[in-house]
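Okay, query_8.cif is below, mmCIF, C-alpha atoms:
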```
data_coords
loop_
_atom_site.label_atom_id
_atom_site.label_comp_id
_atom_site.auth_asym_id
_atom_site.auth_seq_id
_atom_site.Cartn_x
_atom_site.Cartn_y
_atom_site.Cartn_z
CA MET A 490 -27.24 -8.16 -24.43
CA ALA A 491 -26.83 -9.68 -21.03
CA ILE A 492 -24.14 -12.35 -20.95
CA GLY A 493 -21.14 -10.75 -22.67
CA LEU A 494 -21.58 -7.32 -21.18
CA ALA A 495 -22.40 -8.64 -17.71
CA THR A 496 -19.27 -10.81 -17.75
CA ALA A 497 -17.09 -7.89 -18.84
CA THR A 498 -18.65 -5.65 -16.18
CA CYS A 499 -18.13 -8.20 -13.39
CA ILE A 500 -14.51 -8.72 -14.38
CA GLY A 501 -13.96 -4.97 -14.59
CA VAL A 502 -15.49 -4.40 -11.14
CA ALA A 503 -13.39 -7.21 -9.64
CA ILE A 504 -10.18 -5.84 -11.16
CA ALA A 505 -11.07 -2.29 -10.08
CA ALA A 506 -11.67 -3.51 -6.52
CA PHE A 507 -8.37 -5.37 -6.48
CA ALA A 508 -6.53 -2.35 -7.92
CA ALA A 509 -8.11 -0.12 -5.25
CA TRP A 510 -7.04 -2.58 -2.52
CA VAL A 511 -3.45 -2.62 -3.78
CA PHE A 512 -3.47 1.19 -4.14
CA VAL A 513 -4.64 1.65 -0.54
CA LEU A 514 -2.11 -0.81 0.88
CA VAL A 515 0.84 0.53 -1.13
CA LEU A 516 0.16 4.26 -0.93
CA GLY A 517 -1.99 4.52 2.19
CA ARG A 518 1.00 5.43 4.37
CA ASN A 519 2.29 8.02 1.93
CA GLY A 520 2.52 11.51 3.37
CA MET A 521 0.54 13.00 0.48
CA PHE A 522 -2.55 11.10 1.68
CA LYS A 523 -2.19 11.98 5.37
CA GLY A 524 -5.56 12.83 6.87
CA THR A 525 -7.45 11.71 3.74
CA ALA A 526 -9.87 8.88 2.99
CA VAL A 527 -6.98 6.87 1.52
CA GLU A 528 -5.13 6.87 4.86
CA ARG A 529 -8.32 5.96 6.73
CA ALA A 530 -9.01 3.13 4.26
CA ARG A 531 -5.45 1.84 4.77
CA ALA A 532 -5.90 1.90 8.55
CA PHE A 533 -9.19 -0.01 8.21
CA VAL A 534 -7.80 -2.65 5.82
CA ASP A 535 -4.43 -3.03 7.53
CA ASP A 536 -5.33 -2.54 11.22
CA ASP A 537 -9.03 -2.43 12.10
CA LEU A 538 -10.28 -5.28 9.90
CA PRO A 539 -7.59 -7.81 10.94
CA ALA A 540 -8.18 -6.90 14.61
CA ALA A 541 -11.94 -7.44 14.22
CA VAL A 542 -11.38 -10.78 12.49
CA ALA A 543 -8.97 -11.82 15.27
CA ARG A 544 -11.56 -10.99 17.95
CA TRP A 545 -14.20 -12.98 16.09
CA MET A 546 -11.89 -15.98 15.73
CA GLU A 547 -11.18 -16.06 19.45
CA ARG A 548 -14.86 -16.73 20.14
CA SER A 549 -15.39 -19.59 17.68
CA ALA A 550 -13.67 -22.97 17.33
CA VAL A 551 -14.84 -23.22 13.71
CA ALA A 552 -13.44 -19.77 13.02
CA ARG A 553 -10.09 -20.78 14.53
CA CYS A 554 -10.00 -23.82 12.26
CA VAL A 555 -10.84 -21.72 9.21
CA ALA A 556 -8.25 -19.16 10.27
CA GLY A 557 -5.60 -21.88 10.56
CA CYS A 558 -6.36 -23.07 7.03
CA ALA A 559 -6.42 -19.50 5.73
CA GLU A 560 -3.07 -18.75 7.38
CA SER A 561 -1.56 -21.85 5.80
CA VAL A 562 -2.80 -20.81 2.36
CA TRP A 563 -1.60 -17.25 2.97
CA GLN A 564 1.88 -18.46 3.89
CA ARG A 565 2.03 -20.63 0.79
CA LEU A 566 0.97 -17.74 -1.45
CA PHE A 567 2.69 -14.77 0.18
CA GLY A 568 5.16 -16.16 2.74
CA ARG A 569 7.56 -17.70 0.27
CA ARG A 570 8.50 -17.48 -3.37
CA THR A 571 5.86 -19.01 -5.60
CA ALA A 572 5.14 -18.75 -9.31
CA VAL A 573 1.35 -18.74 -8.81
CA PHE A 574 0.82 -15.00 -9.34
CA GLN A 575 3.53 -14.83 -11.98
CA THR A 576 1.78 -17.61 -13.90
CA ILE A 577 -1.57 -15.84 -13.55
CA ALA A 578 -0.08 -12.57 -14.82
CA VAL A 579 1.63 -14.18 -17.81
CA GLY A 580 -1.45 -16.28 -18.59
CA LEU A 581 -3.77 -13.26 -18.58
CA TYR A 582 -1.28 -11.29 -20.67
CA TRP A 583 -1.06 -13.93 -23.39
CA ALA A 584 -4.81 -14.60 -23.26
CA GLY A 585 -5.40 -10.91 -23.91
CA LEU A 586 -2.90 -10.96 -26.77
CA ALA A 587 -4.65 -13.98 -28.25
CA VAL A 588 -8.01 -12.19 -28.18
CA PHE A 589 -6.37 -9.13 -29.74
CA ALA A 590 -4.74 -11.23 -32.48
CA VAL A 591 -7.94 -13.08 -33.38
CA GLN A 592 -10.64 -10.43 -33.02
CA ALA A 593 -8.91 -7.03 -33.26
CA ALA A 594 -5.79 -7.42 -35.40
CA PRO A 595 -7.74 -8.31 -38.60
CA LEU A 596 -9.50 -4.94 -38.29
CA ILE A 597 -6.24 -2.93 -38.12
CA PRO A 598 -5.86 -0.80 -40.19
CA ASN A 599 -9.36 0.61 -40.28
CA ARG A 600 -11.00 3.94 -40.98
CA TYR A 601 -9.69 5.30 -37.66
CA VAL A 602 -6.10 3.97 -37.43
CA GLY A 603 -3.57 3.43 -40.21
CA ARG A 604 -1.28 0.53 -41.07
CA TRP A 605 1.72 2.36 -39.54
CA HIS A 606 0.30 1.65 -36.08
CA TRP A 607 1.73 -1.86 -36.31
CA VAL A 608 5.22 -0.42 -35.81
CA PRO A 609 4.55 1.06 -32.34
CA ILE A 610 2.32 -1.93 -31.47
CA LEU A 611 5.09 -4.47 -32.02
CA ALA A 612 7.79 -2.20 -30.55
CA THR A 613 5.83 -1.53 -27.36
CA LEU A 614 4.93 -5.18 -26.87
CA GLY A 615 8.55 -6.20 -27.46
CA VAL A 616 9.91 -3.74 -24.91
CA ASN A 617 7.21 -4.68 -22.41
CA MET A 618 7.84 -8.43 -22.65
CA ALA A 619 11.62 -8.08 -22.60
CA SER A 620 11.64 -5.74 -19.58
CA TYR A 621 9.24 -8.00 -17.67
CA ALA A 622 11.41 -11.04 -18.32
CA ALA A 623 14.53 -9.11 -17.28
CA ALA A 624 12.90 -7.88 -14.06
CA CYS A 625 11.86 -11.46 -13.24
CA VAL A 626 15.24 -13.14 -13.75
CA ALA A 627 17.74 -10.37 -12.96
CA ASP A 628 19.59 -10.36 -9.65
CA PRO A 629 17.96 -7.57 -7.61
CA GLY A 630 21.18 -7.09 -5.64
CA VAL A 631 21.29 -10.03 -3.23
CA VAL A 632 23.89 -9.61 -0.50
CA THR A 633 26.08 -12.71 -0.21
CA PRO A 634 29.27 -13.51 1.72
CA ALA A 635 31.16 -13.03 -1.56
CA ASN A 636 29.97 -9.44 -2.14
CA GLU A 637 29.27 -8.44 1.48
CA ASP A 638 32.27 -6.09 1.73
CA SER A 639 31.52 -4.24 -1.50
CA ALA A 640 27.82 -4.02 -0.59
CA VAL A 641 28.72 -2.43 2.77
CA ASP A 642 30.95 0.08 0.96
CA ALA A 643 28.24 0.94 -1.57
CA PHE A 644 26.40 3.50 0.55
CA PRO A 645 27.41 5.41 3.69
CA TYR A 646 25.41 4.97 6.90
CA ASP A 647 23.38 8.06 7.74
CA ARG A 648 22.85 6.93 11.38
CA LEU A 649 19.21 7.93 11.10
CA LEU A 650 17.72 5.30 8.80
CA TYR A 651 20.69 2.95 8.72
CA PHE A 652 23.31 2.21 11.36
CA PRO A 653 26.80 0.70 11.05
CA ASN A 654 27.96 -2.49 12.73
CA LYS A 655 24.59 -4.20 12.54
CA ALA A 656 24.03 -7.75 11.30
CA CYS A 657 20.99 -9.34 9.73
CA ARG A 658 19.43 -11.65 12.30
CA THR A 659 18.44 -14.10 9.56
CA CYS A 660 21.33 -13.99 7.09
CA HIS A 661 23.96 -13.38 9.82
CA THR A 662 25.83 -11.01 7.51
CA ARG A 663 26.53 -7.32 7.97
CA LYS A 664 23.63 -5.11 6.94
CA PRO A 665 24.68 -2.68 4.20
CA ALA A 666 23.07 0.74 4.25
CA ARG A 667 19.88 0.87 2.17
CA SER A 668 19.52 -2.93 2.28
CA LYS A 669 16.63 -4.89 3.74
CA HIS A 670 15.97 -8.55 4.41
CA CYS A 671 13.19 -10.01 2.25
CA SER A 672 11.38 -12.67 4.25
CA VAL A 673 9.85 -14.10 1.06
CA CYS A 674 13.15 -14.62 -0.77
CA GLY A 675 15.10 -15.30 2.43
CA CYS A 676 17.96 -12.90 1.68
CA CYS A 677 19.09 -9.30 2.10
CA VAL A 678 18.80 -7.12 -1.00
CA GLN A 679 20.69 -3.90 -1.74
CA MET A 680 18.41 -0.87 -1.95
CA LEU A 681 15.35 -3.11 -1.69
CA ASP A 682 12.19 -1.36 -2.87
CA HIS A 683 9.68 -4.18 -2.40
CA HIS A 684 9.00 -7.82 -3.19
CA CYS A 685 6.74 -8.10 -6.24
CA ILE A 686 4.51 -11.19 -6.37
CA TRP A 687 3.86 -10.61 -10.09
CA LEU A 688 7.59 -10.84 -10.82
CA ASN A 689 8.22 -13.56 -8.21
CA ASN A 690 11.30 -11.51 -7.43
CA CYS A 691 12.45 -8.57 -5.35
CA VAL A 692 12.87 -5.11 -6.87
CA GLY A 693 16.23 -3.75 -5.81
CA LEU A 694 19.37 -1.96 -6.92
CA ARG A 695 20.21 -4.29 -9.81
CA ASN A 696 16.81 -4.75 -11.45
CA VAL A 697 14.84 -1.61 -10.60
CA ARG A 698 15.63 -0.20 -14.06
CA TRP A 699 13.90 -3.19 -15.67
CA PHE A 700 10.97 -2.79 -13.29
CA LEU A 701 10.56 0.90 -14.15
CA THR A 702 10.88 0.11 -17.87
CA PHE A 703 8.23 -2.57 -17.52
CA LEU A 704 5.85 -0.23 -15.69
CA ALA A 705 6.34 2.53 -18.26
CA SER A 706 5.87 0.21 -21.24
CA PHE A 707 2.91 -1.56 -19.61
CA ALA A 708 1.22 1.79 -18.99
CA VAL A 709 1.70 2.50 -22.71
CA VAL A 710 0.40 -0.98 -23.63
CA CYS A 711 -2.76 -0.46 -21.57
CA THR A 712 -3.39 3.09 -22.81
CA TYR A 713 -2.55 2.35 -26.43
CA GLY A 714 -4.45 -0.93 -26.32
CA THR A 715 -7.57 0.81 -25.04
CA TYR A 716 -7.29 3.32 -27.91
CA LEU A 717 -6.79 0.60 -30.53
CA LEU A 718 -9.64 -1.56 -29.24
CA GLY A 719 -11.83 1.53 -29.18
CA SER A 720 -11.07 2.08 -32.87
CA VAL A 721 -11.87 -1.58 -33.58
CA LEU A 722 -15.22 -1.32 -31.77
CA LEU A 723 -16.08 1.81 -33.75
CA GLU A 724 -15.06 0.03 -36.97
CA VAL A 725 -17.32 -2.95 -36.18
CA ARG A 726 -20.10 -0.51 -35.33
CA ALA A 727 -19.69 1.18 -38.69
CA GLN A 728 -19.44 -2.10 -40.66
CA ARG A 729 -22.69 -3.32 -39.15
CA GLY A 730 -24.43 -0.05 -39.91
CA LEU A 731 -25.12 0.63 -36.24
CA ASP A 732 -23.89 4.20 -36.67
CA ARG A 733 -26.81 4.78 -39.06
CA MET A 734 -29.42 2.59 -37.39
CA THR A 735 -32.61 4.20 -36.13
CA VAL A 736 -35.36 3.02 -33.80
CA TRP A 737 -38.93 4.24 -33.50
CA ASP A 738 -39.62 6.36 -30.43
CA ASP A 739 -43.31 6.09 -29.48
CA ASP A 740 -43.12 9.09 -27.15
CA LEU A 741 -41.71 11.38 -29.83
CA GLY A 742 -43.61 9.76 -32.65
CA ARG A 743 -40.56 9.56 -34.91
CA ALA A 744 -37.45 7.50 -35.66
CA GLU A 745 -34.41 8.34 -33.58
CA GLN A 746 -30.81 7.38 -34.29
CA VAL A 747 -29.34 4.81 -31.93
CA SER A 748 -26.92 6.47 -29.52
CA LEU A 749 -23.19 5.80 -29.60
CA THR A 750 -23.33 4.14 -26.17
CA THR A 751 -26.18 1.81 -27.12
CA SER A 752 -24.59 0.79 -30.41
CA LEU A 753 -21.25 0.06 -28.70
CA LEU A 754 -23.04 -2.03 -26.08
CA TYR A 755 -24.48 -4.15 -28.89
CA VAL A 756 -21.00 -4.63 -30.34
CA LEU A 757 -19.55 -5.59 -26.96
CA ASP A 758 -22.39 -8.03 -26.34
CA ASP A 759 -21.68 -9.82 -29.63
CA SER A 760 -17.95 -10.04 -28.78
CA PRO A 761 -17.73 -10.96 -25.07
CA LEU A 762 -13.99 -11.74 -25.10
CA LEU A 763 -13.21 -8.44 -26.79
CA ALA A 764 -15.45 -6.75 -24.23
CA VAL A 765 -13.52 -8.37 -21.36
CA VAL A 766 -10.14 -7.29 -22.74
CA THR A 767 -11.39 -3.76 -23.42
CA VAL A 768 -12.78 -3.34 -19.90
CA LEU A 769 -9.63 -4.92 -18.44
CA LEU A 770 -7.35 -2.45 -20.23
CA ALA A 771 -9.59 0.51 -19.40
CA VAL A 772 -9.44 -0.37 -15.69
CA LEU A 773 -5.72 -1.15 -15.67
CA THR A 774 -4.70 2.05 -17.49
CA PRO A 775 -5.19 4.51 -14.58
CA ALA A 776 -4.04 1.98 -11.97
CA ILE A 777 -0.73 1.24 -13.72
CA ALA A 778 -0.22 4.89 -14.62
CA ILE A 779 -0.68 6.01 -11.00
CA PHE A 780 1.68 3.31 -9.71
CA PHE A 781 4.28 4.24 -12.34
CA VAL A 782 4.08 7.94 -11.43
CA TYR A 783 4.46 6.99 -7.76
CA GLN A 784 7.55 4.89 -8.48
CA VAL A 785 9.12 7.66 -10.57
CA ARG A 786 8.34 10.21 -7.87
CA ILE A 787 10.12 8.31 -5.10
CA SER A 788 12.99 7.51 -7.46
CA VAL A 789 13.42 11.19 -8.32
CA CYS A 790 13.32 12.09 -4.62
CA GLY A 791 16.10 9.62 -3.83
CA TYR A 792 14.39 6.98 -1.72
CA THR A 793 12.65 3.63 -2.08
CA THR A 794 9.24 2.33 -1.03
CA ASN A 795 10.91 0.72 1.97
CA GLU A 796 12.68 3.97 2.88
CA GLU A 797 9.49 5.98 2.52
CA THR A 798 8.10 4.13 5.53
CA LYS A 799 11.31 4.91 7.43
CA TRP A 800 11.03 8.61 6.56
CA LEU A 801 7.44 8.63 7.82
CA ASN A 802 8.76 7.27 11.12
CA VAL A 803 11.39 10.02 11.15
CA ALA A 804 8.64 12.59 10.59
CA ASP A 805 6.81 11.22 13.63
CA ALA A 806 10.06 11.38 15.64
CA VAL A 807 10.58 15.02 14.59
CA ALA A 808 7.04 15.81 15.74
CA ASP A 809 7.83 14.14 19.08
CA GLY A 810 10.93 16.33 19.51
CA VAL A 811 13.52 13.55 19.60
CA VAL A 812 15.51 14.21 16.39
CA PHE A 813 18.69 16.25 16.73
CA GLU A 814 21.45 17.53 14.48
CA ILE A 815 24.79 16.53 16.04
CA GLY A 816 28.29 17.68 15.14
CA ALA A 817 29.56 20.82 13.47
CA ALA A 818 32.08 20.05 10.71
CA GLU A 819 30.21 17.01 9.35
CA PRO A 820 26.85 17.02 11.13
CA TRP A 821 24.54 14.03 11.20
CA TYR A 822 21.03 13.44 12.52
CA GLU A 823 20.18 11.14 15.36
CA VAL A 824 17.17 10.15 17.42
CA ILE A 825 17.68 10.74 21.16
CA GLU A 826 14.77 9.57 23.25
CA LYS A 827 13.48 12.04 25.85
CA ASP A 828 14.60 9.96 28.82
CA ALA A 829 18.17 9.99 27.45
CA GLN A 830 18.37 13.65 26.45
CA ALA A 831 19.42 14.91 29.88
CA SER A 832 22.39 12.54 30.11
CA ASP A 833 23.54 13.14 26.52
CA THR A 834 25.92 16.09 26.75
CA ARG A 835 26.96 16.28 23.11
CA PRO A 836 26.41 19.65 21.37
CA ARG A 837 23.22 19.34 19.39
CA ARG A 838 20.37 21.24 17.78
CA LEU A 839 16.72 20.16 17.92
CA VAL A 840 15.25 19.55 14.47
CA GLY A 841 12.01 21.46 14.11
CA SER A 842 10.70 20.01 10.84
CA LEU A 843 11.41 17.13 8.47
CA ALA A 844 12.47 19.63 5.79
CA GLU A 845 15.58 20.37 7.88
CA VAL A 846 16.77 16.75 7.67
CA ALA A 847 18.97 16.13 4.66
CA ASN A 848 18.64 12.84 2.79
CA ILE A 849 22.26 11.99 2.03
CA TYR A 850 21.14 9.48 -0.59
CA ASP A 851 19.42 12.17 -2.67
CA ARG A 852 21.77 13.15 -5.52
CA GLY A 853 19.26 15.37 -7.31
CA ALA A 854 16.36 14.36 -9.57
CA TRP A 855 18.23 13.56 -12.79
CA ALA A 856 21.22 12.03 -11.01
CA ASN A 857 18.87 9.77 -9.00
CA LEU A 858 17.17 8.51 -12.14
CA ARG A 859 20.47 8.08 -13.96
CA PHE A 860 21.84 6.06 -11.06
CA LEU A 861 18.82 3.72 -11.09
CA LEU A 862 18.73 3.30 -14.86
CA PHE A 863 22.49 2.87 -15.21
CA PRO A 864 23.78 1.46 -11.90
CA PRO A 865 27.56 1.02 -11.54
CA LEU A 866 29.00 -2.38 -12.38
CA SER A 867 30.57 -2.77 -8.96
CA ALA A 868 28.77 -2.05 -5.72
CA SER A 869 31.85 -0.47 -4.20
CA ALA A 870 31.77 2.26 -6.85
CA SER A 871 28.08 2.99 -6.53
CA ASP A 872 28.23 5.94 -4.21
CA LYS A 873 31.49 7.75 -4.75
CA LYS A 874 29.65 11.05 -4.92
CA LEU A 875 28.31 10.59 -1.39
CA GLU A 876 31.60 9.69 0.27
#
```
Starting from the file, give its structure as structure tokens.
Amino acid sequence: MAIGLATATCIGVAIAAFAAWVFVLVLGRNGMFKGTAVERARAFVDDDLPAAVARWMERSAVARCVAGCAESVWQRLFGRRTAVFQTIAVGLYWAGLAVFAVQAAPLIPNRYVGRWHWVPILATLGVNMASYAAACVADPGVVTPANEDSAVDAFPYDRLLYFPNKACRTCHTRKPARSKHCSVCGCCVQMLDHHCIWLNNCVGLRNVRWFLTFLASFAVVCTYGTYLLGSVLLEVRAQRGLDRMTVWDDDLGRAEQVSLTTSLLYVLDDSPLLAVVTVLLAVLTPAIAIFFVYQVRISVCGYTTNEETKWLNVADAVADGVVFEIGAAEPWYEVIEKDAQASDTRPRRLVGSLAEVANIYDRGAWANLRFLLFPPLSASASDKKLE
């Protein structure tokens, strides 16, 4: 029973470790994990470990050489657009589909699932593939000289996260509110959420709906696929009579029925590729589901992954006592450093907690989602409600 099961287990452990690494890096700074093991793990992976490696490299010529090569590889993989990870993702996807088509599809329907399951199977796969392709090729909202004016008019500047009359130091164009320069793509993107290596594209204002659709459908593919493969494994178990097989137990002095776990392990060992795909889907299901819930949560709250980091900085500034509400008729929030507070004579009120700071980009849960799923055709019309 060793080879097939051991291979599936190793692949599952590797994928689980990678998923945990991504989870820690992406969500480690999130306020919900403040003071938890997730935040400490993020600090170790993102701060402590690189610092320790840097100290070690300073003491060894060989280490400096290895570090130089590693940095070159890192820049090639993560410092610029490359189809390497996109190719890996698509290759694994189609390899899994091939295994499903050859080893699982002939056993659907079976005694556990009916023929009608082919309708949701094909529909879910179709939506998942189409949304992935759309997210990969769609314009995420790149700011160009041609649309710079309309991009600047798209969102008002809150003067807390975004400031007017600022230019991108790389693109040399005005920086629209809610935009960010992507160093990988080499351009500014409206309402940039993040750069996704699996899409080989940024996720921004114009393609976030396809990204969310892909995540939702992929979560369904993983969950539904795990269920279907489970039914196939149980069907194979039943066809081989493993559900009725008994073994002699010397300690009890009688024949005992083989347990469900043991019989399924035999099935997985005889079908190593099916075992790999099953373990892969079982590991991916919670990881994709958690990431999808996270993306929906920040979308409902009216901010992006990029802006979440900014809001965490604002929270730190509030704790330091440097955030003030200024103005009466149309108040805004501004950071005034302590050494400048005495000379700033404008009427103001000290903000005591982050809850007092209004996010002007938050339209309300349903309106936020509707805006992302059905963005306006023209950037200049995207934020009429906020003007």
* To do: Tell me which of A:Cys691, A:Ala627, A:Leu858, A:Ile577 sits closest to Val789 in chain A, counting only C-alpha atoms.
  => A:Leu858
* For Arg695 in chain A, list every protein, DNA or RNA residue within 12 Å, evaluated using all atoms listed in the file, and leave out those in the same chain fewer than 5 positions away; present the list as a PyMOL selection string. => chain A and resi 623-632+640+678-682+690+700-701+860-868+871
Could you write out that same residue set with C-alpha atoms as a JSON list (two decimals), in the frame of the given file?
```json
[["chain", "number", "residue", "atom", "x", "y", "z"],
["A", 623, "ALA", "CA", 14.53, -9.11, -17.28],
["A", 624, "ALA", "CA", 12.90, -7.88, -14.06],
["A", 625, "CYS", "CA", 11.86, -11.46, -13.24],
["A", 626, "VAL", "CA", 15.24, -13.14, -13.75],
["A", 627, "ALA", "CA", 17.74, -10.37, -12.96],
["A", 628, "ASP", "CA", 19.59, -10.36, -9.65],
["A", 629, "PRO", "CA", 17.96, -7.57, -7.61],
["A", 630, "GLY", "CA", 21.18, -7.09, -5.64],
["A", 631, "VAL", "CA", 21.29, -10.03, -3.23],
["A", 632, "VAL", "CA", 23.89, -9.61, -0.50],
["A", 640, "ALA", "CA", 27.82, -4.02, -0.59],
["A", 678, "VAL", "CA", 18.80, -7.12, -1.00],
["A", 679, "GLN", "CA", 20.69, -3.90, -1.74],
["A", 680, "MET", "CA", 18.41, -0.87, -1.95],
["A", 681, "LEU", "CA", 15.35, -3.11, -1.69],
["A", 682, "ASP", "CA", 12.19, -1.36, -2.87],
["A", 690, "ASN", "CA", 11.30, -11.51, -7.43],
["A", 700, "PHE", "CA", 10.97, -2.79, -13.29],
["A", 701, "LEU", "CA", 10.56, 0.90, -14.15],
["A", 860, "PHE", "CA", 21.84, 6.06, -11.06],
["A", 861, "LEU", "CA", 18.82, 3.72, -11.09],
["A", 862, "LEU", "CA", 18.73, 3.30, -14.86],
["A", 863, "PHE", "CA", 22.49, 2.87, -15.21],
["A", 864, "PRO", "CA", 23.78, 1.46, -11.90],
["A", 865, "PRO", "CA", 27.56, 1.02, -11.54],
["A", 866, "LEU", "CA", 29.00, -2.38, -12.38],
["A", 867, "SER", "CA", 30.57, -2.77, -8.96],
["A", 868, "ALA", "CA", 28.77, -2.05, -5.72],
["A", 871, "SER", "CA", 28.08, 2.99, -6.53]]
```
* Asked: Using only C-alpha atoms, which residues sit within 9 Å of Gly585 in chain A once same-chain residues fewer than 6 positions away are excluded, as a list in words?
  ->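 Within the cut-off, the hits are Leu762, Leu763, Val765 and Val766 of chain A.
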* To do: Run through the PyMOL selection byres ((chain A and resi 665-668) around 9) on the given coordinates and return the selected residues as a ChimeraX atom specification.
  => /A:632,637-638,640-647,650-653,655-656,663-664,669-670,677-681,693,793,795-796
* Asked: Which of these residues is nearest to Ala804 in chain A, using all atoms listed in the file: A:Ser748, A:Ser672, A:Ser760, A:Ser842?
  ->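 Once distances to Ala804 in chain A are computed over all atoms listed in the file, the minimum belongs to A:Ser842.
Across A:Asn857, A:Cys657, A:Lys523, A:Cys711, the tightest approach to Leu801 in chain A is made by A:Lys523 when counting only C-alpha atoms.
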* Considering all atoms listed in the file, return as a list in words whatever protein or nucleic-acid residues lie within 12 Å of Ser720 in chain A, sequence-local ones (same chain, fewer than 5 positions apart) excluded. =>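 Within the cut-off, the hits are Ala593, Ala594, Leu596, Ile597, Pro598, Asn599, Arg600, Tyr601, Val602, Gly603, His606, Tyr713, Gly714, Thr715, Val725, Arg726, Ala727, Leu753 and Thr767 of chain A.
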* Would you work out the distance separating CA of Asp738 in chain A from CA of Gly719 in chain A, expressed in Å to one decimal? => 28.2 Å
* Between CA of Ile777 in chain A and CA of Ala708 in chain A, measure the distance and give it in Å to one decimal. => 5.6 Å
* Asked: Could you work out how far CA of Ile825 in chain A lies from CA of Arg531 in chain A, giving the answer in Å with one decimal?
  ->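 Atom-to-atom, CA of Arg531 in chain A and CA of Ile825 in chain A are spaced 29.7 Å apart.
Applied to the file shown here, the PyMOL selection byres ((chain A and resi 838) around 12) selects the residues Gly810, Val811, Val812, Phe813, Glu814, Ile815, Gly816, Ala817, Pro820, Trp821, Tyr822, Glu823, Val824, Ile825, Gln830, Thr834, Arg835, Pro836, Arg837, Leu839, Val840, Gly841, Ser842, Glu845 and Val846 of chain A.
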* Between A:Val513, A:Cys790, A:Val803, A:Val573, which one has atoms that come closest to Ile849 in chain A, using all atoms listed in the file? ->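 Counting all atoms listed in the file, the residue closest to Ile849 in chain A is A:Cys790.
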* Which residues fall under the PyMOL selection byres ((chain A and resi 705) around 12) in this file, as number ranges by chain? -> A: 613-614, 616-618, 620-621, 698-704, 706-712, 774, 777-785
For range 706-719 of chain A, where the input has fewer atoms than it should, I would like N, CA and C atoms rebuilt and written as an mmCIF file, in the coordinates of the input.
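rebuild_24.cif written:
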```
data_model
loop_
_atom_site.group_PDB
_atom_site.id
_atom_site.type_symbol
_atom_site.label_atom_id
_atom_site.label_comp_id
_atom_site.auth_asym_id
_atom_site.auth_seq_id
_atom_site.Cartn_x
_atom_site.Cartn_y
_atom_site.Cartn_z
ATOM 1 N N SER A 706 6.353 0.829 -20.002
ATOM 2 C CA SER A 706 5.870 0.210 -21.240
ATOM 3 C C SER A 706 4.494 -0.423 -21.047
ATOM 4 N N PHE A 707 4.223 -0.964 -19.853
ATOM 5 C CA PHE A 707 2.910 -1.560 -19.610
ATOM 6 C C PHE A 707 1.830 -0.490 -19.544
ATOM 7 N N ALA A 708 2.171 0.681 -18.987
ATOM 8 C CA ALA A 708 1.220 1.790 -18.990
ATOM 9 C C ALA A 708 0.891 2.195 -20.426
ATOM 10 N N VAL A 709 1.920 2.184 -21.300
ATOM 11 C CA VAL A 709 1.700 2.500 -22.710
ATOM 12 C C VAL A 709 0.861 1.404 -23.369
ATOM 13 N N VAL A 710 1.163 0.129 -23.070
ATOM 14 C CA VAL A 710 0.400 -0.980 -23.630
ATOM 15 C C VAL A 710 -1.082 -0.853 -23.272
ATOM 16 N N CYS A 711 -1.369 -0.575 -22.008
ATOM 17 C CA CYS A 711 -2.760 -0.460 -21.570
ATOM 18 C C CYS A 711 -3.459 0.732 -22.220
ATOM 19 N N THR A 712 -2.784 1.887 -22.231
ATOM 20 C CA THR A 712 -3.390 3.090 -22.810
ATOM 21 C C THR A 712 -3.578 2.945 -24.312
ATOM 22 N N TYR A 713 -2.515 2.509 -24.981
ATOM 23 C CA TYR A 713 -2.550 2.350 -26.430
ATOM 24 C C TYR A 713 -3.517 1.245 -26.832
ATOM 25 N N GLY A 714 -3.529 0.164 -26.029
ATOM 26 C CA GLY A 714 -4.450 -0.930 -26.320
ATOM 27 C C GLY A 714 -5.902 -0.503 -26.201
ATOM 28 N N THR A 715 -6.203 0.305 -25.191
ATOM 29 C CA THR A 715 -7.570 0.810 -25.040
ATOM 30 C C THR A 715 -7.966 1.654 -26.252
ATOM 31 N N TYR A 716 -7.033 2.484 -26.718
ATOM 32 C CA TYR A 716 -7.290 3.320 -27.910
ATOM 33 C C TYR A 716 -7.529 2.455 -29.142
ATOM 34 N N LEU A 717 -6.670 1.451 -29.348
ATOM 35 C CA LEU A 717 -6.790 0.600 -30.530
ATOM 36 C C LEU A 717 -8.078 -0.217 -30.498
ATOM 37 N N LEU A 718 -8.403 -0.784 -29.344
ATOM 38 C CA LEU A 718 -9.640 -1.560 -29.240
ATOM 39 C C LEU A 718 -10.860 -0.661 -29.410
ATOM 40 N N GLY A 719 -10.743 0.588 -28.942
ATOM 41 C CA GLY A 719 -11.830 1.530 -29.180
ATOM 42 C C GLY A 719 -12.049 1.769 -30.660
#
```
